[in-house]
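Working notes for the structure below.
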Amino acid sequence: MHFLAFSFGFKDVIDILLVAGILYETYRLLRRTGAANLFWGILAFIVVWFLVSFVFQLDLTGALFDRIISVGAIALIVIFQEEIRMFFYRIGSRFSSWNIFRPRTPEGEGVSRQQILEITQACRHMASTKTGALIVLAGAGSLKEIVDTGERLDAQVSARLIENIFFKNTPLHDGALVIRDEKMLAAACILPVSKNLDIPQYYGLRHRAALGLAEKSDATCIVVSEETGHISVAKEGQIREVSEDELFLVLHSSATAVTRS
């Protein structure tokens, strides 16, 4: 068969690896938002289109698929505009983290070891008193649009101050506390709520907001449940409960990852 008669060289290997990389990143983004099944459906459609148009060369069916592809590409941009935006946001975050002129702290760009201890201590105490809290540790991205929605603090990281911010009925206890560059930048910040339909029903608004930001950025979000006192960490589009001892290890790992990026 004539369509099998082609040469395969180094350039083709690079081409295949690039396409595989793009498909993998696309799948990761859609999986974070609970739309992984759509990815597999679209991929199956593309495979059928390729077989019809280029392998079996069915002209009429191929023309129909070509029309669907041309219109569907625009539809996908509209449907997945948020995921596409975040794809380029992540690429931009990677490049911005390579900036050699950007100051870095010895322990990591986000928080130092001592400040991780302060955060862990605050979360431990708030968990014991079932005080709801939502804390964001920024990664390589600046999160300026998130910080601008809250009340500016520019304060040193302190366990007592964190507990005071989230104490019930205080003006700043609703919303998120954003920490970056060894500073508590702002409190009462508004986070995007995740639209993932696979989130367990027992998760409240704080958990959904933490997961929403973790889906859209490289930030690490800590949630202390007001109902159960359990501590959860949202990162890279996933959220899970952690013990008080695990919390320190997770935060230290995140700070180390930012330093190496």
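Residue numbering restarts at 1 for every chain of the structure tokens, chains are lettered A, B, ... in their displayed order, and ligands are numbered from 1 as they appear.
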
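Near A:Thr129, within a cut-off of 12 Å and counting only C-alpha atoms, sit the residues Ala122, Cys123, Arg124, His125, Met126, Ala127, Thr131, Gly132, Ala133, Glu163, Phe166, Phe167, Lys168, Val224, Ser225, Glu226, Glu227, Thr228, Gly229 and His230 of chain A, with same-chain residues fewer than 2 positions away left out.
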
**Study point:** Near-stretch 207-212 of chain A list (10 Å; only C-alpha atoms; drop same-chain fewer than 5 positions) as a PyMOL selection string
**Key:** chain A and resi 32-33+133-136+175-176+190-196+199-200+202+217+219-225+232-240

Written file, previous selection with C-alpha atoms, as a short mmCIF file (atom, residue, chain, number, x, y, z; two decimals), in the first residue's frame:
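For reference, selection14.cif as written:
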data_model
loop_
_atom_site.label_atom_id
_atom_site.label_comp_id
_atom_site.auth_asym_id
_atom_site.auth_seq_id
_atom_site.Cartn_x
_atom_site.Cartn_y
_atom_site.Cartn_z
CA ARG A 32 -7.47 19.14 36.59
CA THR A 33 -10.83 20.57 35.61
CA ALA A 133 -8.66 28.96 57.33
CA LEU A 134 -7.44 29.27 53.75
CA ILE A 135 -3.75 30.02 53.18
CA VAL A 136 -2.03 30.40 49.80
CA GLY A 175 -11.23 34.72 52.03
CA ALA A 176 -7.60 33.64 51.62
CA ILE A 190 -10.97 36.03 46.60
CA LEU A 191 -9.98 32.79 44.84
CA PRO A 192 -11.53 31.21 41.75
CA VAL A 193 -13.84 28.32 42.65
CA SER A 194 -13.17 24.99 40.96
CA LYS A 195 -15.82 23.73 38.53
CA ASN A 196 -14.59 20.15 38.81
CA ILE A 199 -15.01 17.06 43.96
CA PRO A 200 -16.56 15.17 46.91
CA TYR A 202 -18.47 17.06 51.73
CA SER A 217 -1.52 28.17 39.07
CA ALA A 219 0.48 27.85 44.17
CA THR A 220 0.10 25.59 47.20
CA CYS A 221 -3.15 26.10 49.14
CA ILE A 222 -3.79 25.02 52.74
CA VAL A 223 -7.33 24.56 54.06
CA VAL A 224 -8.36 24.06 57.68
CA SER A 225 -11.92 22.76 57.83
CA SER A 232 -6.06 19.68 53.43
CA VAL A 233 -3.49 20.74 50.84
CA ALA A 234 -4.36 21.61 47.23
CA LYS A 235 -1.53 21.55 44.71
CA GLU A 236 -1.20 20.91 40.97
CA GLY A 237 -4.93 20.45 40.53
CA GLN A 238 -5.25 17.87 43.33
CA ILE A 239 -6.46 18.17 46.92
CA ARG A 240 -5.94 15.75 49.80
#

Review point. Pick from A:Lys216, A:Arg28, A:Arg206, A:Arg160: nearest to A:Ile146, with only C-alpha atoms counted?
Key: A:Lys216

Practice item. Output as a ChimeraX atom specification all residues of stretch 105-260 of chain A that backbone DSSP marks as strand (DSSP E or B). Key: /A:133-137,151-156,176-180,183-189,220-224,231-235,238-242

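Take the candidates A:Gly204, A:Gly41, A:Gly139, A:Gly150 and check each one against A:Leu172 using only C-alpha atoms; the shortest distance goes to A:Gly150.
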
**Study point:** Spatial neighbours of A:Arg152, 8 Å, only C-alpha atoms, chain gap at least 6 places, as a PyMOL selection string
**Key:** chain A and resi 185-187

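Between atom CA of A:Ala138 and atom CA of A:Thr120 there is a distance of 16.1 Å.
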
Exercise for review: Name the residues in contact with A:Val157 at a cut-off of 10 Å, using only C-alpha atoms, excluding same-chain residues fewer than 3 positions from it; report them as a list of chain:residue names.
Suggested key: A:Val111, A:Ser112, A:Gln114, A:Gln115, A:Ile116, A:Leu117, A:Glu118, A:Ile119, A:Asp154, A:Arg160, A:Leu161, A:Ile162, A:Ile179, A:Arg180, A:Glu182, A:Lys183, A:Met184, A:Leu185

Selection file, N, CA and C atoms, as a compact mmCIF listing (two decimals), in the first residue's frame:
# COMPACT_ATOMS: atom_id res chain seq x y z
N VAL A 111 8.76 30.84 51.07
CA VAL A 111 8.85 30.95 52.53
C VAL A 111 10.11 30.23 53.00
N SER A 112 10.62 30.66 54.15
CA SER A 112 11.79 30.02 54.73
C SER A 112 11.36 28.89 55.65
N GLN A 114 11.83 28.62 58.89
CA GLN A 114 11.23 29.14 60.11
C GLN A 114 9.78 29.55 59.88
N GLN A 115 9.52 30.15 58.71
CA GLN A 115 8.15 30.59 58.41
C GLN A 115 7.23 29.41 58.14
N ILE A 116 7.78 28.34 57.59
CA ILE A 116 6.99 27.11 57.43
C ILE A 116 6.58 26.57 58.80
N LEU A 117 7.49 26.66 59.76
CA LEU A 117 7.17 26.24 61.13
C LEU A 117 6.06 27.11 61.71
N GLU A 118 6.10 28.42 61.43
CA GLU A 118 5.06 29.33 61.92
C GLU A 118 3.70 28.97 61.31
N ILE A 119 3.68 28.70 60.01
CA ILE A 119 2.44 28.35 59.33
C ILE A 119 1.90 27.02 59.86
N ASP A 154 1.43 43.13 53.94
CA ASP A 154 2.90 43.25 53.90
C ASP A 154 3.49 43.04 55.29
N ARG A 160 0.86 33.65 65.38
CA ARG A 160 -0.15 34.36 66.16
C ARG A 160 -0.97 35.31 65.27
N LEU A 161 -0.28 35.94 64.30
CA LEU A 161 -1.01 36.84 63.41
C LEU A 161 -1.92 36.06 62.47
N ILE A 162 -1.47 34.92 62.00
CA ILE A 162 -2.31 34.08 61.14
C ILE A 162 -3.57 33.65 61.89
N ILE A 179 0.68 34.37 50.92
CA ILE A 179 2.05 34.51 51.41
C ILE A 179 3.02 34.35 50.24
N ARG A 180 3.94 35.30 50.14
CA ARG A 180 4.93 35.26 49.07
C ARG A 180 6.15 36.08 49.47
N GLU A 182 8.45 35.67 51.64
CA GLU A 182 8.60 35.78 53.09
C GLU A 182 7.71 36.86 53.70
N LYS A 183 6.61 37.18 53.05
CA LYS A 183 5.68 38.19 53.54
C LYS A 183 4.25 37.68 53.42
N MET A 184 3.42 38.05 54.39
CA MET A 184 1.99 37.87 54.25
C MET A 184 1.48 39.09 53.50
N LEU A 185 1.24 38.91 52.19
CA LEU A 185 0.93 40.05 51.33
C LEU A 185 -0.45 40.63 51.57

Practice item. Record the distance separating atom CA of A:Ile231 and atom CA of A:Leu143, expressed in Å with one decimal. Key: 22.8 Å

Check your understanding: A:Ile69: which residues within 9 Å, counting only C-alpha atoms, same-chain residues fewer than 4 positions away excluded, as a list in words?
Key -> Ile46, Trp49, Leu64, Phe65, Ala73 and Ile74 of chain A

Hey, can you spit out that residue selection with N, CA and C atoms as a compact mmCIF listing (two decimals), in the first residue's frame?
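So the final result, stored in result.txt, reads:
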# COMPACT_ATOMS: atom_id res chain seq x y z
N ILE A 46 -10.05 12.74 16.35
CA ILE A 46 -8.90 13.09 15.50
C ILE A 46 -8.30 11.86 14.87
N TRP A 49 -10.55 10.79 12.07
CA TRP A 49 -10.39 11.74 10.96
C TRP A 49 -9.10 11.46 10.18
N LEU A 64 -16.35 15.71 4.85
CA LEU A 64 -17.26 15.98 5.95
C LEU A 64 -16.49 16.19 7.26
N PHE A 65 -15.50 15.31 7.49
CA PHE A 65 -14.69 15.44 8.71
C PHE A 65 -13.88 16.74 8.68
N ALA A 73 -12.64 23.46 15.65
CA ALA A 73 -11.47 24.12 16.24
C ALA A 73 -11.86 25.43 16.89
N ILE A 74 -12.74 26.19 16.23
CA ILE A 74 -13.21 27.46 16.81
C ILE A 74 -14.06 27.19 18.05

Check your understanding: Quick one, how far is atom CA of A:Asp66 from atom CA of A:Val52?
Key -> 10.2 Å
